[in-house]
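Novice: What follows is a structure written as structure tokens; I'll ask about it next.
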There are 2 protein chains.
Amino acid sequence: MATPTVENYVKQIYLAAPDHVGGLLPLGELAEAVGVVPGTATTMVKSLADAGLAHYQARRGVQLTDAGRRLALHVLRRHRLIESFLVGALGFDWSEVHDEAEELEHVVSDKLLERIDAFLNRPVVDPHGDPIPTPAGTIAQTPPSNLANCPLGESMHVARVVDQSGDFLRFLDRNGLIVGTDLKVINRESAADAVQIRVGRNKRITLGAASAAKVLVAPNTTSTPIAQPRHARRPHKRPKA
Amino acid sequence: MATPTVENYVKQIYLAAPDHVGGLLPLGELAEAVGVVPGTATTMVKSLADAGLAHYQARRGVQLTDAGRRLALHVLRRHRLIESFLVGALGFDWSEVHDEAEELEHVVSDKLLERIDAFLNRPVVDPHGDPIPTPAGTIAQTPPSNLANCPLGESMHVARVVDQSGDFLRFLDRNGLIVGTDLKVINRESAADAVQIRVGRNKRITLGAASAAKVLVAPNTTSTPIAQPRHARRPHKRPKA
DNA sequence: CTTCGTATTTTGATTGCTCAAAATCAGAAT
DNA sequence: ATTCTGATTTTGAGCAATCAAAATACGAAG
């Protein structure tokens, strides 16, 4: 059985991998992601390699094996189902479930996970719009466009938010931006690093480009209505101001 | 923060303590309960003592301090609320929740625990009838009588089952004996080590004395109806035979 | 009072994970 | 080609938890 530590390393390698060509993740970045000093990452990655979970090329980087990817997806499935459950069954807010799931993901049994999955009626994405891997280890692909690069003026909706920080999520919440929200990108000021969007009929919001890139969107095809995530949704707190 | 290991030691000391006069638990028994060799228990208990969680007297035994007891009750509260939640919210059977709770009890946050408690409507006992400690660290006392020592012929009900083994619990289930079930002890054959009871109108069951002692009972006062545990109850599987 | 048997403690090692700091390497810059 | 700089690896060490096996102490039996 993989220890929680091993599960975390594998998960972080998986999550960080797509940002690097050839899929080779430098160990410094892994160390950063896991929260250890670089030397520790080196040691651990060697042992991951011994365990057949990763390919390690000294001074170049690390990459998951098939077994490693399977494990990572299994951990991710647990994490995202737990987040969905906390929001859908226990009334948690999407901004507060990440840390909780971070702990629980290493101890829930397959049996419990199955019950949670059934309870939620087999959701395909978690409250942040992150796709939930199947038990078989397949996972839906990320929509390629986000608020920083999608076409202007077209009707889109929020498909996913790729940042787990509570502050950011609460900011989105305050502005009525949750997974499924309809919006249009009105304008981009690349000089000012700013993205203007319209939500609903008349609400305007301006985001910095870095934040805009974290909000993934998909076009609203007029033929089919917005693809709502299948898990239970509660009304969100409305902003005071 | 206490490690899961420390929480387990403290919990086991708490659970085993009442069986010993003076409350001093021999380290061999602790080792047995925790599942380590005796030497390991000695080492750990010393460090519990250093941490102010236990009093240790070499070659005599160990005993919790107030801080230790507080921690033990906190862990027990988590364990029992989790068991209640798995049964009451996710449809688990009372015979399969113990191991799951054993893992989860070390990682659920206070916030999650509070939500679970609220969801279940503040239960006072878990599915086995074990009392759930309050957040403040108080706990209801065990009813003193059980099937092996209660008066004959009087109307009683099952208040608590002090054995977590799946086999035993499934046996009780098969015979319709769950927390709250009404019954009478008809007869005891001390020579044969047997206890005969009647459940409901005409069902008769015979138990060995050791098993009978694990089923705690309380009298059915005619003035007030049976005190049902407050948590949600599902219909239990009825026996095939 | 001495001896014996058993419970307990001590000792020495191991495993998994971590850090600090020194050593090394690889690519960029001169 | 040489030097520099920054990333990476190595080395040495520590902590928490564990085991196996040797040493010790306590109470019971003689």
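Letters A, B, ... go to the chains of the structure tokens in the order shown; residues in each chain start at 1; ligands are counted from 1 in the same order.
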Can you pull out every residue within 9 Å of DT18 of chain C, counting only C-alpha atoms (C1' of nucleotides), but drop anything in the same chain fewer than 6 positions away, and send it as a tab-separated table (two decimals) with C-alpha atoms (C1' of nucleotides), in the first residue's frame?

Specialist:
chain	number	residue	atom	x	y	z
A	36	VAL	CA	9.71	20.02	0.92
A	37	VAL	CA	13.31	21.07	0.24
A	40	THR	CA	14.00	15.55	-0.13
D	14	DG	C1'	17.39	13.52	13.28
D	15	DC	C1'	12.63	12.10	14.56

Novice: Give one line per residue of chain B that approaches chain A to at most 12 Å, naming the two atoms of the closest pair and their distance in Å to one decimal, counting only C-alpha atoms; sort by chain then ascending residue number and deliver it as a tab-separated table.

Specialist:
residue	atom	partner	partner_atom	distance
B:Ile82	CA	A:Leu112	CA	11.9
B:Glu83	CA	A:Leu112	CA	11.9
B:Phe85	CA	A:Leu90	CA	11.1
B:Leu86	CA	A:Leu112	CA	8.5
B:Val87	CA	A:Leu112	CA	11.2
B:Ala89	CA	A:Phe119	CA	9.2
B:Leu90	CA	A:Arg115	CA	6.5
B:Gly91	CA	A:Arg115	CA	8.1
B:Phe92	CA	A:Arg115	CA	8.6
B:Asp93	CA	A:Leu112	CA	11.8
B:Glu96	CA	A:Lys111	CA	10.1
B:Val97	CA	A:Leu112	CA	9.6
B:Asp99	CA	A:Ser109	CA	9.7
B:Glu100	CA	A:Ser109	CA	7.1
B:Ala101	CA	A:Val108	CA	9.5
B:Glu102	CA	A:Val107	CA	9.7
B:Glu103	CA	A:Val107	CA	6.1
B:Leu104	CA	A:Val107	CA	6.4
B:Glu105	CA	A:Val107	CA	9.9
B:His106	CA	A:Val107	CA	9.4
B:Val107	CA	A:Glu103	CA	6.1
B:Val108	CA	A:Leu104	CA	7.3
B:Ser109	CA	A:Glu100	CA	7.1
B:Asp110	CA	A:Glu100	CA	10.3
B:Lys111	CA	A:Glu100	CA	9.2
B:Leu112	CA	A:Glu100	CA	8.0
B:Leu113	CA	A:Leu90	CA	10.5
B:Glu114	CA	A:Leu90	CA	10.2
B:Arg115	CA	A:Leu90	CA	6.5
B:Ile116	CA	A:Leu90	CA	7.4
B:Asp117	CA	A:Leu90	CA	10.5
B:Ala118	CA	A:Leu90	CA	9.4
B:Phe119	CA	A:Leu90	CA	7.3
B:Leu120	CA	A:Leu90	CA	10.7

Novice: Please dump the current selection as a compact mmCIF listing (two decimals), in the first residue's frame; keep N, CA and C atoms.

Specialist:
# COMPACT_ATOMS: atom_id res chain seq x y z
N ILE B 82 -18.55 9.36 13.42
CA ILE B 82 -18.30 8.86 12.07
C ILE B 82 -19.08 7.57 11.83
N GLU B 83 -19.03 6.67 12.80
CA GLU B 83 -19.80 5.43 12.66
C GLU B 83 -21.28 5.75 12.48
N PHE B 85 -22.59 8.38 11.30
CA PHE B 85 -22.82 9.01 10.00
C PHE B 85 -22.81 7.98 8.88
N LEU B 86 -21.87 7.07 8.93
CA LEU B 86 -21.79 6.06 7.88
C LEU B 86 -23.07 5.22 7.84
N VAL B 87 -23.61 4.91 9.02
CA VAL B 87 -24.84 4.13 9.07
C VAL B 87 -26.05 5.00 8.71
N ALA B 89 -26.28 8.06 7.24
CA ALA B 89 -26.34 8.86 6.03
C ALA B 89 -25.98 8.08 4.78
N LEU B 90 -25.15 7.07 4.92
CA LEU B 90 -24.66 6.38 3.73
C LEU B 90 -25.08 4.93 3.64
N GLY B 91 -25.94 4.51 4.55
CA GLY B 91 -26.51 3.18 4.42
C GLY B 91 -25.58 2.04 4.75
N PHE B 92 -24.51 2.30 5.50
CA PHE B 92 -23.66 1.20 5.92
C PHE B 92 -24.36 0.37 6.97
N ASP B 93 -23.89 -0.87 7.12
CA ASP B 93 -24.39 -1.75 8.15
C ASP B 93 -23.54 -1.56 9.40
N GLU B 96 -20.00 -3.09 9.65
CA GLU B 96 -18.89 -2.80 8.76
C GLU B 96 -18.31 -1.40 8.92
N VAL B 97 -18.77 -0.66 9.92
CA VAL B 97 -18.31 0.72 10.02
C VAL B 97 -17.08 0.91 10.91
N ASP B 99 -13.96 -0.44 11.14
CA ASP B 99 -12.63 -0.27 10.53
C ASP B 99 -12.51 1.05 9.78
N GLU B 100 -13.58 1.38 9.09
CA GLU B 100 -13.59 2.65 8.35
C GLU B 100 -13.39 3.82 9.33
N ALA B 101 -14.14 3.80 10.42
CA ALA B 101 -14.05 4.89 11.40
C ALA B 101 -12.67 4.94 12.04
N GLU B 102 -12.07 3.78 12.17
CA GLU B 102 -10.74 3.68 12.77
C GLU B 102 -9.72 4.54 12.01
N GLU B 103 -9.89 4.63 10.72
CA GLU B 103 -9.00 5.45 9.89
C GLU B 103 -9.43 6.91 9.91
N LEU B 104 -10.72 7.10 9.70
CA LEU B 104 -11.23 8.47 9.54
C LEU B 104 -11.10 9.29 10.81
N GLU B 105 -11.16 8.63 11.96
CA GLU B 105 -11.16 9.36 13.23
C GLU B 105 -9.93 10.24 13.41
N HIS B 106 -8.87 9.95 12.66
CA HIS B 106 -7.65 10.74 12.86
C HIS B 106 -7.53 11.92 11.90
N VAL B 107 -8.44 12.03 10.97
CA VAL B 107 -8.28 13.10 9.99
C VAL B 107 -9.48 14.05 9.85
N VAL B 108 -10.62 13.72 10.41
CA VAL B 108 -11.74 14.66 10.25
C VAL B 108 -11.50 15.90 11.10
N SER B 109 -11.72 17.05 10.51
CA SER B 109 -11.52 18.30 11.22
C SER B 109 -12.69 18.56 12.16
N ASP B 110 -12.50 19.50 13.08
CA ASP B 110 -13.58 19.87 13.97
C ASP B 110 -14.77 20.41 13.19
N LYS B 111 -14.44 21.13 12.13
CA LYS B 111 -15.51 21.72 11.33
C LYS B 111 -16.38 20.63 10.70
N LEU B 112 -15.72 19.63 10.11
CA LEU B 112 -16.47 18.55 9.49
C LEU B 112 -17.26 17.78 10.55
N LEU B 113 -16.63 17.57 11.70
CA LEU B 113 -17.31 16.83 12.76
C LEU B 113 -18.58 17.55 13.19
N GLU B 114 -18.49 18.85 13.31
CA GLU B 114 -19.66 19.65 13.69
C GLU B 114 -20.78 19.50 12.65
N ARG B 115 -20.41 19.49 11.37
CA ARG B 115 -21.45 19.34 10.34
C ARG B 115 -22.10 17.96 10.42
N ILE B 116 -21.28 16.96 10.66
CA ILE B 116 -21.81 15.60 10.79
C ILE B 116 -22.77 15.53 11.97
N ASP B 117 -22.34 16.11 13.09
CA ASP B 117 -23.15 16.10 14.31
C ASP B 117 -24.50 16.77 14.05
N ALA B 118 -24.45 17.92 13.35
CA ALA B 118 -25.69 18.64 13.05
C ALA B 118 -26.56 17.83 12.10
N PHE B 119 -25.93 17.25 11.08
CA PHE B 119 -26.66 16.45 10.09
C PHE B 119 -27.44 15.33 10.78
N LEU B 120 -26.81 14.69 11.76
CA LEU B 120 -27.44 13.55 12.43
C LEU B 120 -28.38 13.99 13.55

Novice: Using only C-alpha atoms (C1' of nucleotides), find the residues of chain C whose closest atom to chain A is at most 10 Å away, then write them as a PyMOL selection string.

Specialist: chain C and resi 16-20+25-26

Novice: Convert the current residue selection to file output with C-alpha atoms (C1' of nucleotides), as an mmCIF file, in the first residue's frame.

Specialist:
data_model
loop_
_atom_site.group_PDB
_atom_site.id
_atom_site.type_symbol
_atom_site.label_atom_id
_atom_site.label_comp_id
_atom_site.auth_asym_id
_atom_site.auth_seq_id
_atom_site.Cartn_x
_atom_site.Cartn_y
_atom_site.Cartn_z
ATOM 1 C "C1'" DG C 16 10.158 6.164 6.079
ATOM 2 C "C1'" DC C 17 10.488 10.853 5.749
ATOM 3 C "C1'" DT C 18 12.579 15.006 6.516
ATOM 4 C "C1'" DC C 19 16.224 19.055 6.763
ATOM 5 C "C1'" DA C 20 20.706 21.722 6.396
ATOM 6 C "C1'" DC C 25 26.685 19.523 -12.653
ATOM 7 C "C1'" DA C 26 24.814 21.883 -16.853
#

Novice: Could you work out how far atom CA of Ser95 of chain B lies from atom CA of Ala2 of chain A, giving the answer in Å with one decimal?

Specialist: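 One can read the atom CA of Ala2 of chain A to atom CA of Ser95 of chain B distance as 26.6 Å.
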
Novice: Looking only at strand (DSSP E) from DSSP on the backbone, list the matching residues of chain B as JSON, numbers by chain.

Specialist: {"B": [54, 55, 56, 57, 61, 62, 63, 64, 156, 157, 158, 159, 160, 161, 182, 183, 184, 185, 186, 187, 188, 189, 194, 195, 196, 197, 198, 199, 203, 204, 205, 206, 207, 208, 215, 216, 217, 218, 219]}

Novice: What is the atom CA of Arg204 of chain B-atom CA of His128 of chain B distance in Å, reported with one decimal?

Specialist: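 Interatomic distance, atom CA of Arg204 of chain B to atom CA of His128 of chain B: 21.9 Å.
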
Novice: Name the residues of segment 2-107 of chain B that come out as helix (DSSP H, G or I) in a backbone DSSP run; write them as JSON, numbers by chain.

Specialist: {"B": [4, 5, 6, 7, 8, 9, 10, 11, 12, 13, 14, 15, 16, 17, 18, 19, 21, 22, 23, 27, 28, 29, 30, 31, 32, 33, 34, 38, 39, 40, 41, 42, 43, 44, 45, 46, 47, 48, 49, 50, 66, 67, 68, 69, 70, 71, 72, 73, 74, 75, 76, 77, 78, 79, 80, 81, 82, 83, 84, 85, 86, 87, 88, 89, 90, 98, 99, 100, 101, 102, 103, 104]}

Novice: Write a file of the selected residues as an mmCIF file, in the first residue's frame, keeping C-alpha atoms.

Specialist:
data_model
loop_
_atom_site.group_PDB
_atom_site.id
_atom_site.type_symbol
_atom_site.label_atom_id
_atom_site.label_comp_id
_atom_site.auth_asym_id
_atom_site.auth_seq_id
_atom_site.Cartn_x
_atom_site.Cartn_y
_atom_site.Cartn_z
ATOM 1 C CA PRO B 4 -2.599 9.130 14.740
ATOM 2 C CA THR B 5 -0.343 6.743 16.639
ATOM 3 C CA VAL B 6 -0.528 8.783 19.811
ATOM 4 C CA GLU B 7 -4.287 9.089 19.439
ATOM 5 C CA ASN B 8 -4.561 5.333 19.171
ATOM 6 C CA TYR B 9 -2.487 4.647 22.243
ATOM 7 C CA VAL B 10 -4.475 7.141 24.281
ATOM 8 C CA LYS B 11 -7.753 5.744 23.039
ATOM 9 C CA GLN B 12 -6.776 2.190 23.904
ATOM 10 C CA ILE B 13 -5.617 3.177 27.358
ATOM 11 C CA TYR B 14 -8.960 4.855 27.892
ATOM 12 C CA LEU B 15 -10.965 1.907 26.612
ATOM 13 C CA ALA B 16 -9.055 -0.726 28.569
ATOM 14 C CA ALA B 17 -8.763 1.206 31.800
ATOM 15 C CA PRO B 18 -12.108 0.406 33.456
ATOM 16 C CA ASP B 19 -11.199 -3.281 33.612
ATOM 17 C CA VAL B 21 -8.509 -1.541 39.707
ATOM 18 C CA GLY B 22 -6.698 1.672 40.419
ATOM 19 C CA GLY B 23 -6.991 2.355 36.717
ATOM 20 C CA LEU B 27 1.814 -2.378 29.405
ATOM 21 C CA GLY B 28 1.511 -5.875 28.042
ATOM 22 C CA GLU B 29 -2.204 -5.446 27.705
ATOM 23 C CA LEU B 30 -1.801 -2.089 26.075
ATOM 24 C CA ALA B 31 0.650 -3.570 23.602
ATOM 25 C CA GLU B 32 -1.862 -6.292 22.828
ATOM 26 C CA ALA B 33 -4.658 -3.776 22.316
ATOM 27 C CA VAL B 34 -2.602 -1.514 20.088
ATOM 28 C CA PRO B 38 5.527 -5.002 24.514
ATOM 29 C CA GLY B 39 8.806 -3.140 24.146
ATOM 30 C CA THR B 40 7.235 -0.735 21.731
ATOM 31 C CA ALA B 41 4.448 0.052 24.136
ATOM 32 C CA THR B 42 6.985 0.820 26.859
ATOM 33 C CA THR B 43 8.797 3.265 24.598
ATOM 34 C CA MET B 44 5.642 4.987 23.463
ATOM 35 C CA VAL B 45 4.151 5.246 26.924
ATOM 36 C CA LYS B 46 7.265 7.012 28.121
ATOM 37 C CA SER B 47 6.834 9.552 25.395
ATOM 38 C CA LEU B 48 3.143 9.918 26.238
ATOM 39 C CA ALA B 49 4.249 10.656 29.781
ATOM 40 C CA ASP B 50 6.732 13.250 28.503
ATOM 41 C CA ASP B 66 -6.633 14.781 32.486
ATOM 42 C CA ALA B 67 -5.171 15.960 29.196
ATOM 43 C CA GLY B 68 -4.886 12.367 28.031
ATOM 44 C CA ARG B 69 -8.470 11.623 28.934
ATOM 45 C CA ARG B 70 -9.613 14.738 27.124
ATOM 46 C CA LEU B 71 -7.765 13.642 24.006
ATOM 47 C CA ALA B 72 -9.133 10.101 24.277
ATOM 48 C CA LEU B 73 -12.687 11.367 24.540
ATOM 49 C CA HIS B 74 -12.150 13.639 21.585
ATOM 50 C CA VAL B 75 -10.955 10.730 19.473
ATOM 51 C CA LEU B 76 -13.833 8.595 20.697
ATOM 52 C CA ARG B 77 -16.286 11.330 19.813
ATOM 53 C CA ARG B 78 -14.902 11.448 16.297
ATOM 54 C CA HIS B 79 -14.976 7.678 15.985
ATOM 55 C CA ARG B 80 -18.546 7.295 17.155
ATOM 56 C CA LEU B 81 -19.949 10.205 15.211
ATOM 57 C CA ILE B 82 -18.302 8.862 12.070
ATOM 58 C CA GLU B 83 -19.802 5.432 12.659
ATOM 59 C CA SER B 84 -23.203 7.009 13.184
ATOM 60 C CA PHE B 85 -22.817 9.012 9.999
ATOM 61 C CA LEU B 86 -21.794 6.055 7.876
ATOM 62 C CA VAL B 87 -24.840 4.131 9.075
ATOM 63 C CA GLY B 88 -27.297 7.002 9.181
ATOM 64 C CA ALA B 89 -26.343 8.864 6.027
ATOM 65 C CA LEU B 90 -24.664 6.383 3.727
ATOM 66 C CA HIS B 98 -15.723 0.110 12.704
ATOM 67 C CA ASP B 99 -12.628 -0.266 10.535
ATOM 68 C CA GLU B 100 -13.592 2.650 8.352
ATOM 69 C CA ALA B 101 -14.055 4.886 11.403
ATOM 70 C CA GLU B 102 -10.738 3.683 12.772
ATOM 71 C CA GLU B 103 -9.001 5.449 9.892
ATOM 72 C CA LEU B 104 -11.227 8.466 9.535
#

Novice: Residues of chain D no more than 12 Å from chain A, counting only C-alpha atoms (C1' of nucleotides): send them over as number ranges by chain.

Specialist: D: 6-11

Novice: Please provide as a list of chain:residue names all residues within 6 Å of segment 156-166 of chain B, with the sequence filter that same-chain residues fewer than 4 positions apart are discarded (counting only C-alpha atoms (C1' of nucleotides)).

Specialist: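 Result of the neighbour search: B:Ser95, B:His128, B:Gly129, B:Asp130, B:Arg170, B:Val179, B:Gly180, B:Thr181, B:Asp182, B:Leu183, B:Lys184, B:Lys214, B:Val215, B:Leu216, B:Val217, B:Ala218, B:Pro219, B:Asn220.
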
Novice: Any chance you could export the current selection's C-alpha atoms as a short mmCIF file (atom, residue, chain, number, x, y, z; two decimals), in the first residue's frame?

Specialist:
data_model
loop_
_atom_site.label_atom_id
_atom_site.label_comp_id
_atom_site.auth_asym_id
_atom_site.auth_seq_id
_atom_site.Cartn_x
_atom_site.Cartn_y
_atom_site.Cartn_z
CA SER B 95 -21.09 -4.49 11.33
CA HIS B 128 -23.72 0.06 18.71
CA GLY B 129 -25.25 2.01 21.57
CA ASP B 130 -21.87 3.36 22.66
CA ARG B 170 -23.85 -9.93 12.02
CA VAL B 179 -29.89 -1.53 19.77
CA GLY B 180 -33.43 -0.87 20.99
CA THR B 181 -34.75 -4.40 20.57
CA ASP B 182 -37.12 -5.54 23.34
CA LEU B 183 -36.41 -8.84 25.05
CA LYS B 184 -36.60 -10.89 28.24
CA LYS B 214 -21.39 -8.16 25.65
CA VAL B 215 -25.02 -7.24 25.18
CA LEU B 216 -25.85 -4.48 27.64
CA VAL B 217 -29.48 -3.98 28.55
CA ALA B 218 -31.66 -1.52 30.44
CA PRO B 219 -35.06 -2.12 32.00
CA ASN B 220 -38.18 -1.03 30.13
#

Novice: Pick out the residues sitting within 12 Å of DT14 of chain C, and hand them over as a list in words; count only C-alpha atoms (C1' of nucleotides), and ignore anything fewer than 3 positions along from it in its own chain.

Specialist: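 Surrounding residues, per the criterion: DA17, DT18, DC19 and DA20 of chain D.
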
Novice: If you keep C-alpha atoms (C1' of nucleotides), can you produce a file of those selected residues as a PDB file, in the first residue's frame?

Specialist:
ATOM      1  C1'  DA D  17       7.590   4.327  15.238  1.00  0.00           C
ATOM      2  C1'  DT D  18       8.592  -0.167  15.071  1.00  0.00           C
ATOM      3  C1'  DC D  19      10.827  -5.126  15.990  1.00  0.00           C
ATOM      4  C1'  DA D  20      13.941  -8.884  17.837  1.00  0.00           C
TER       5       DA D  20
END

Novice: In Å, with one decimal, what is the gap from atom CA of Glu189 of chain B to atom CA of Lys203 of chain B?

Specialist: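 Straight-line distance from atom CA of Glu189 of chain B to atom CA of Lys203 of chain B works out to 18.5 Å.
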
Novice: Find the spatial neighbours of DT5 of chain D, counting only C-alpha atoms (C1' of nucleotides), within a cut-off of 10 Å - ignore same-chain residues fewer than 2 positions away - and output them as a PyMOL selection string.

Specialist: (chain C and resi 27-29) or (chain D and resi 3+7)
